[in-house]
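Asker: For reference, the structure I am asking about is given below.
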Amino acid sequence: MMGATIKSIGIYRPELEVTNAFFEAYLETSDEWIRERTGIERRYFSSEDEYTSDLCVKAVEALKKNHHTSVDDVDFVIVATSTPDQILPNVASRVQARLGISNAGCIDLSAACGGFVYGLILAKGLIAAQTHRRILVIGAETLSKAIDLSDRNSCILFGDGAGAVIVEASSDNHVFEPLTDTDGSLGKELFISHLSQTVDGEPILGDGKMHQNGRAVFRWAVSTLVKNIPVLLEKNKMTLEQVDYLIPHSANIRILEAVCKNLDFPMERCMESVRSYGNTSAASIPIAWYNGLASGKIKQNDQLLLIGFGGGLTCAGICLENKIVLGEAD
């Protein structure tokens with residue numbers, strides 16, 4: 001079976017920095033209240049005419065610059081997002097056209113905050129099947145366009161951003177066994193409405209905005225990660241002590257603290273992006289991965305455990321050996 005490796009990464013965040021003070025004009029809230037409950041200090045919002053495909057392209061351009069590489073020979077493009085420019089055409093096709101990639105398959109994945117990891121799993125499978133050899137996987141969101149500024153429980157959480165990696169065929173495998181898990185009965189706890197105004201037969205707000213039951217999602221996230229991380233490690237014949245860095249979806253710093261406490265895993269070895277970027281859904285894991293590399297914490301050959309969780313409610317995890325070195329082509 002053909003192996004897979006990841007040697008390149010790039011991220012992008014919009015220019016507009018939004019501090020917690022921004023929300024005081026719309027809600028009864030404060031910087032202290034938001035930090036205490038979420039850990040979030042700031043996030044970034046896309047401009048009025050800046051969409052998910054724009055963020056994707058800029059993340060890939062950063063990847064190309066970081067590693068002095070080309071994407072001309074990419075043969076599949078996967079974009080994980082809950083906020084596509086349109087439902088059709090898909091974002092991946094827009095990215096393919098703007099980057100001038102020829103002869104590539106293109107698909108969008110709708111798996112919310114688990115989407116980036118689902119993209120890695122799909123890319124690994126395509127490479128193992130030997131149908132494709134170089135796959136661009138992007139997690140990107142413009143959630144600022146889907147927040148309701150009157151919803152105190154959710155609008156403070158979300159930000160915009162994008163992260164991209166290339167999953168490549170390799171004689172040595174560095175992307176290991178995955179895990180997937182879903183509880184679709186909890187779909188009503190986190191949703192953006194579209195054509196249907198019901199979830200599981202229950203009426204929902206039909207305003208096209210993000211809505212979530214924060215307490216229910218919090219409880220599900222902690223219990224799901226505490227349950228599934230040991231299962232994923234067992235599948236890979238690893239122990240938690242062998243994991244150099246855990247990179248979970250950055251939804252809320254309190255979720256990550258609770259998971260690390262329950263697993264007796266050091267919080268300093270948990271990479272997060274939520275403090276400075278907010279919850280960027282499908283983009284949060286590649287952003288945290290990149291920042292861990294840029295800070296010098298994550299090093300070549302480190303063992304990483306990536307796990308995403310969110311709308312569905314769905315979860316996806318994968319273990320891999322880090323082969324990315326920033327600035328290696330300089």
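The way I read the labels, and the way they are meant: chains A, B, ... in the order of the structure tokens, residue 1 as the first residue of every chain, and ligand 1 as the first ligand shown, with later ones counted on from there.
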Need the shell around segment 74-91 of chain A: protein/DNA/RNA residues with any atom at most 7 Å away, counting only C-alpha atoms. Skip same-chain ones fewer than 5 positions apart. Format as an mmCIF file with C-alpha atoms, in the first residue's frame?
Answerer:
data_model
loop_
_atom_site.group_PDB
_atom_site.id
_atom_site.type_symbol
_atom_site.label_atom_id
_atom_site.label_comp_id
_atom_site.auth_asym_id
_atom_site.auth_seq_id
_atom_site.Cartn_x
_atom_site.Cartn_y
_atom_site.Cartn_z
ATOM 1 C CA TYR A 51 -14.954 35.032 0.788
ATOM 2 C CA THR A 52 -13.823 31.523 1.688
ATOM 3 C CA SER A 53 -12.271 30.876 -1.735
ATOM 4 C CA ILE A 101 -4.200 23.694 -11.516
ATOM 5 C CA ASN A 103 -6.473 17.882 -14.495
ATOM 6 C CA ALA A 104 -7.458 17.855 -10.845
ATOM 7 C CA GLY A 105 -10.521 16.511 -9.093
ATOM 8 C CA CYS A 106 -12.254 18.998 -6.801
ATOM 9 C CA ILE A 107 -14.574 18.440 -3.871
ATOM 10 C CA ASP A 108 -15.875 20.355 -0.860
ATOM 11 C CA LEU A 109 -16.309 18.583 2.484
ATOM 12 C CA SER A 110 -19.067 19.662 4.873
ATOM 13 C CA ALA A 112 -17.815 21.568 10.194
ATOM 14 C CA GLY A 115 -13.602 18.910 8.180
ATOM 15 C CA PHE A 116 -9.839 19.371 7.915
ATOM 16 C CA GLY A 119 -9.915 15.915 4.354
ATOM 17 C CA HIS A 132 -3.898 10.182 -6.869
ATOM 18 C CA ARG A 133 -0.439 11.249 -5.739
ATOM 19 C CA ARG A 134 -0.478 14.907 -4.609
ATOM 20 C CA ILE A 135 -3.564 16.258 -2.864
ATOM 21 C CA LEU A 136 -4.211 19.782 -1.635
ATOM 22 C CA VAL A 137 -6.252 19.786 1.593
ATOM 23 C CA ILE A 138 -7.594 23.126 2.805
ATOM 24 C CA GLY A 139 -9.666 24.043 5.843
ATOM 25 C CA ALA A 140 -11.205 27.498 5.498
ATOM 26 C CA GLU A 141 -14.060 29.542 6.929
ATOM 27 C CA THR A 142 -15.646 32.986 6.780
ATOM 28 C CA LEU A 143 -17.860 32.445 9.811
ATOM 29 C CA ALA A 282 -12.231 23.741 9.750
#
Asker: Taking the DSSP assignment computed from this structure's backbone, write out as a PDB file with C-alpha atoms, in the first residue's frame all residues of segment 130-270 of chain A that belong to strand (DSSP E).
Answerer:
ATOM      1  CA  ARG A 134      -0.478  14.907  -4.609  1.00  0.00           C
ATOM      2  CA  ILE A 135      -3.564  16.258  -2.864  1.00  0.00           C
ATOM      3  CA  LEU A 136      -4.211  19.782  -1.635  1.00  0.00           C
ATOM      4  CA  VAL A 137      -6.252  19.786   1.593  1.00  0.00           C
ATOM      5  CA  ILE A 138      -7.594  23.126   2.805  1.00  0.00           C
ATOM      6  CA  GLY A 139      -9.666  24.043   5.843  1.00  0.00           C
ATOM      7  CA  ALA A 140     -11.205  27.498   5.498  1.00  0.00           C
ATOM      8  CA  GLU A 141     -14.060  29.542   6.929  1.00  0.00           C
ATOM      9  CA  THR A 142     -15.646  32.986   6.780  1.00  0.00           C
ATOM     10  CA  ASP A 160     -12.230  33.637   9.859  1.00  0.00           C
ATOM     11  CA  GLY A 161      -9.114  31.943   8.519  1.00  0.00           C
ATOM     12  CA  ALA A 162      -7.641  29.245   6.308  1.00  0.00           C
ATOM     13  CA  GLY A 163      -4.938  26.598   6.412  1.00  0.00           C
ATOM     14  CA  ALA A 164      -3.587  24.378   3.637  1.00  0.00           C
ATOM     15  CA  VAL A 165      -1.335  21.326   3.396  1.00  0.00           C
ATOM     16  CA  ILE A 166      -0.298  18.988   0.588  1.00  0.00           C
ATOM     17  CA  VAL A 167      -0.664  15.261   1.251  1.00  0.00           C
ATOM     18  CA  GLU A 168       1.804  13.398  -1.004  1.00  0.00           C
ATOM     19  CA  ALA A 169       2.411   9.795  -1.972  1.00  0.00           C
ATOM     20  CA  SER A 170       5.528   8.419  -0.283  1.00  0.00           C
ATOM     21  CA  VAL A 175       0.099   9.538   8.061  1.00  0.00           C
ATOM     22  CA  PHE A 176      -1.315   6.752  10.206  1.00  0.00           C
ATOM     23  CA  GLU A 177      -4.631   5.112  11.074  1.00  0.00           C
ATOM     24  CA  PRO A 178      -7.665   7.427  11.444  1.00  0.00           C
ATOM     25  CA  LEU A 179     -10.789   7.409  13.580  1.00  0.00           C
ATOM     26  CA  THR A 180     -14.270   8.710  12.734  1.00  0.00           C
ATOM     27  CA  ASP A 181     -17.330   8.997  14.966  1.00  0.00           C
ATOM     28  CA  THR A 182     -20.715  10.740  14.725  1.00  0.00           C
ATOM     29  CA  LEU A 190     -25.227  23.236  16.255  1.00  0.00           C
ATOM     30  CA  PHE A 191     -26.528  24.365  12.873  1.00  0.00           C
ATOM     31  CA  ILE A 192     -26.677  26.914  10.085  1.00  0.00           C
ATOM     32  CA  THR A 198     -36.233  21.666  10.521  1.00  0.00           C
ATOM     33  CA  VAL A 199     -33.613  19.353  12.009  1.00  0.00           C
ATOM     34  CA  GLU A 202     -37.902  19.967  14.940  1.00  0.00           C
ATOM     35  CA  PRO A 203     -38.290  23.602  13.789  1.00  0.00           C
ATOM     36  CA  MET A 210     -24.874  30.010  13.120  1.00  0.00           C
ATOM     37  CA  HIS A 211     -26.739  28.721  16.175  1.00  0.00           C
ATOM     38  CA  GLN A 212     -25.531  26.401  18.890  1.00  0.00           C
ATOM     39  CA  TYR A 245       1.686  17.338  20.633  1.00  0.00           C
ATOM     40  CA  LEU A 246      -2.071  17.078  20.661  1.00  0.00           C
ATOM     41  CA  ILE A 247      -3.741  19.374  18.082  1.00  0.00           C
ATOM     42  CA  PRO A 248      -7.493  19.376  18.666  1.00  0.00           C
TER      43      PRO A 248
END
Asker: Report, in Å to a single decimal, how far apart atom CA of Gly278 of chain A and atom CA of Val18 of chain A are.
Answerer: 9.7 Å
Asker: Suppose you want the space between atom CA of Glu61 of chain A and atom CA of Ala97 of chain A; what is it in Å?
Answerer: 13.8 Å
Asker: When you draw a straight line from atom CA of Ala288 of chain A to atom CA of Cys270 of chain A, how long is it in Å?
Answerer: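 Computed distance, atom CA of Ala288 of chain A to atom CA of Cys270 of chain A, equals 9.4 Å.
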Asker: Which residues, written as a PyMOL selection string, have at least one atom at most 7 Å from Tyr290 of chain A, with only C-alpha atoms counted and residues fewer than 4 positions away on the same chain left out?
Answerer: chain A and resi 9+286+294
Asker: Please produce an output containing C-alpha atoms for each residue in the selection, written as an mmCIF file, in the first residue's frame.
Answerer:
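Contents of the output file result-v5.cif:
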data_model
loop_
_atom_site.group_PDB
_atom_site.id
_atom_site.type_symbol
_atom_site.label_atom_id
_atom_site.label_comp_id
_atom_site.auth_asym_id
_atom_site.auth_seq_id
_atom_site.Cartn_x
_atom_site.Cartn_y
_atom_site.Cartn_z
ATOM 1 C CA ILE A 9 1.772 24.069 5.104
ATOM 2 C CA PRO A 286 -3.913 23.771 10.452
ATOM 3 C CA ALA A 294 6.599 28.763 13.644
#
Asker: Quick one: pick out all helix (DSSP H, G or I) residues within segment 98-251 of chain A from a backbone DSSP run and write them as a VMD selection string.
Answerer: chain A and resid 98 to 99 112 to 128 143 to 146 184 to 189 214 to 235 240 to 242
Asker: How about saving the chosen residues, N, CA and C atoms kept, as a compact mmCIF listing (two decimals), in the first residue's frame?
Answerer:
# COMPACT_ATOMS: atom_id res chain seq x y z
N ARG A 98 -8.34 29.46 -9.95
CA ARG A 98 -7.52 30.63 -9.63
C ARG A 98 -6.05 30.30 -9.48
N LEU A 99 -5.75 29.06 -9.10
CA LEU A 99 -4.35 28.66 -8.96
C LEU A 99 -3.80 28.04 -10.25
N ALA A 112 -18.00 20.54 9.17
CA ALA A 112 -17.81 21.57 10.19
C ALA A 112 -16.38 21.55 10.74
N CYS A 113 -16.26 21.55 12.06
CA CYS A 113 -14.94 21.70 12.68
C CYS A 113 -14.06 20.47 12.56
N GLY A 114 -14.65 19.35 12.15
CA GLY A 114 -13.87 18.15 11.89
C GLY A 114 -13.43 18.04 10.45
N GLY A 115 -13.79 19.02 9.62
CA GLY A 115 -13.60 18.91 8.18
C GLY A 115 -12.17 18.74 7.72
N PHE A 116 -11.23 19.46 8.35
CA PHE A 116 -9.84 19.37 7.92
C PHE A 116 -9.30 17.95 8.11
N VAL A 117 -9.60 17.35 9.26
CA VAL A 117 -9.12 15.99 9.50
C VAL A 117 -9.81 15.01 8.54
N TYR A 118 -11.10 15.20 8.30
CA TYR A 118 -11.77 14.37 7.30
C TYR A 118 -11.09 14.51 5.94
N GLY A 119 -10.64 15.71 5.61
CA GLY A 119 -9.92 15.92 4.35
C GLY A 119 -8.62 15.13 4.30
N LEU A 120 -7.89 15.09 5.42
CA LEU A 120 -6.65 14.30 5.48
C LEU A 120 -6.95 12.82 5.32
N ILE A 121 -8.04 12.36 5.95
CA ILE A 121 -8.41 10.94 5.85
C ILE A 121 -8.75 10.58 4.42
N LEU A 122 -9.52 11.43 3.75
CA LEU A 122 -9.87 11.18 2.35
C LEU A 122 -8.63 11.19 1.47
N ALA A 123 -7.74 12.15 1.69
CA ALA A 123 -6.51 12.23 0.90
C ALA A 123 -5.66 10.98 1.10
N LYS A 124 -5.53 10.54 2.34
CA LYS A 124 -4.76 9.32 2.61
C LYS A 124 -5.36 8.13 1.87
N GLY A 125 -6.70 8.04 1.84
CA GLY A 125 -7.36 6.93 1.16
C GLY A 125 -7.15 6.95 -0.34
N LEU A 126 -7.21 8.14 -0.94
CA LEU A 126 -6.99 8.25 -2.38
C LEU A 126 -5.56 7.86 -2.75
N ILE A 127 -4.62 8.24 -1.90
CA ILE A 127 -3.22 7.87 -2.16
C ILE A 127 -3.02 6.37 -1.96
N ALA A 128 -3.63 5.81 -0.91
CA ALA A 128 -3.51 4.37 -0.68
C ALA A 128 -4.10 3.58 -1.84
N LEU A 143 -16.74 32.57 8.89
CA LEU A 143 -17.86 32.44 9.81
C LEU A 143 -18.41 33.78 10.24
N SER A 144 -17.62 34.86 10.09
CA SER A 144 -18.13 36.18 10.45
C SER A 144 -19.36 36.55 9.63
N LYS A 145 -19.49 35.95 8.45
CA LYS A 145 -20.64 36.22 7.59
C LYS A 145 -21.87 35.41 7.99
N ALA A 146 -21.70 34.51 8.97
CA ALA A 146 -22.81 33.64 9.38
C ALA A 146 -23.13 33.78 10.87
N GLY A 184 -25.41 11.85 15.02
CA GLY A 184 -26.28 12.71 14.25
C GLY A 184 -27.53 13.14 14.99
N SER A 185 -27.88 12.45 16.07
CA SER A 185 -29.07 12.83 16.83
C SER A 185 -28.90 14.18 17.53
N LEU A 186 -27.65 14.65 17.62
CA LEU A 186 -27.38 15.93 18.26
C LEU A 186 -27.20 17.07 17.25
N GLY A 187 -27.59 16.83 16.00
CA GLY A 187 -27.42 17.83 14.96
C GLY A 187 -28.10 19.15 15.27
N LYS A 188 -29.19 19.10 15.99
CA LYS A 188 -29.95 20.32 16.30
C LYS A 188 -29.22 21.23 17.28
N GLU A 189 -28.15 20.74 17.91
CA GLU A 189 -27.43 21.53 18.88
C GLU A 189 -26.44 22.52 18.25
N GLY A 214 -24.45 25.89 23.44
CA GLY A 214 -23.08 25.82 23.90
C GLY A 214 -22.84 24.77 24.97
N ARG A 215 -23.75 24.66 25.92
CA ARG A 215 -23.56 23.70 27.02
C ARG A 215 -23.61 22.26 26.51
N ALA A 216 -24.56 21.99 25.62
CA ALA A 216 -24.69 20.63 25.08
C ALA A 216 -23.47 20.26 24.24
N VAL A 217 -22.99 21.20 23.42
CA VAL A 217 -21.82 20.93 22.58
C VAL A 217 -20.58 20.75 23.45
N PHE A 218 -20.46 21.58 24.49
CA PHE A 218 -19.32 21.47 25.40
C PHE A 218 -19.26 20.08 26.02
N ARG A 219 -20.39 19.62 26.57
CA ARG A 219 -20.42 18.30 27.22
C ARG A 219 -20.09 17.20 26.23
N TRP A 220 -20.68 17.28 25.02
CA TRP A 220 -20.43 16.26 24.01
C TRP A 220 -18.95 16.28 23.60
N ALA A 221 -18.38 17.46 23.39
CA ALA A 221 -17.00 17.56 22.93
C ALA A 221 -16.03 16.93 23.93
N VAL A 222 -16.17 17.28 25.20
CA VAL A 222 -15.25 16.75 26.21
C VAL A 222 -15.39 15.24 26.30
N SER A 223 -16.61 14.73 26.41
CA SER A 223 -16.80 13.29 26.56
C SER A 223 -16.35 12.54 25.31
N THR A 224 -16.58 13.11 24.13
CA THR A 224 -16.21 12.46 22.88
C THR A 224 -14.70 12.38 22.72
N LEU A 225 -14.00 13.45 23.03
CA LEU A 225 -12.54 13.43 22.91
C LEU A 225 -11.91 12.52 23.95
N VAL A 226 -12.41 12.57 25.17
CA VAL A 226 -11.86 11.71 26.21
C VAL A 226 -12.08 10.24 25.87
N LYS A 227 -13.19 9.94 25.21
CA LYS A 227 -13.48 8.56 24.78
C LYS A 227 -12.64 8.16 23.57
N ASN A 228 -12.55 9.05 22.57
CA ASN A 228 -11.99 8.65 21.28
C ASN A 228 -10.47 8.76 21.16
N ILE A 229 -9.84 9.65 21.92
CA ILE A 229 -8.39 9.76 21.82
C ILE A 229 -7.71 8.44 22.22
N PRO A 230 -8.09 7.79 23.33
CA PRO A 230 -7.48 6.48 23.62
C PRO A 230 -7.77 5.43 22.55
N VAL A 231 -8.96 5.47 21.95
CA VAL A 231 -9.29 4.51 20.89
C VAL A 231 -8.39 4.73 19.68
N LEU A 232 -8.19 5.99 19.31
CA LEU A 232 -7.31 6.31 18.19
C LEU A 232 -5.88 5.87 18.46
N LEU A 233 -5.41 6.09 19.68
CA LEU A 233 -4.05 5.67 20.03
C LEU A 233 -3.91 4.16 19.97
N GLU A 234 -4.93 3.45 20.44
CA GLU A 234 -4.89 1.99 20.39
C GLU A 234 -4.84 1.49 18.95
N LYS A 235 -5.59 2.12 18.06
CA LYS A 235 -5.56 1.73 16.65
C LYS A 235 -4.16 1.88 16.07
N LEU A 240 -0.40 7.63 25.02
CA LEU A 240 -0.47 9.08 25.10
C LEU A 240 0.90 9.69 25.39
N GLU A 241 1.73 8.96 26.10
CA GLU A 241 3.08 9.45 26.41
C GLU A 241 3.93 9.59 25.16
N GLN A 242 3.60 8.85 24.10
CA GLN A 242 4.37 8.92 22.85
C GLN A 242 3.93 10.08 21.96
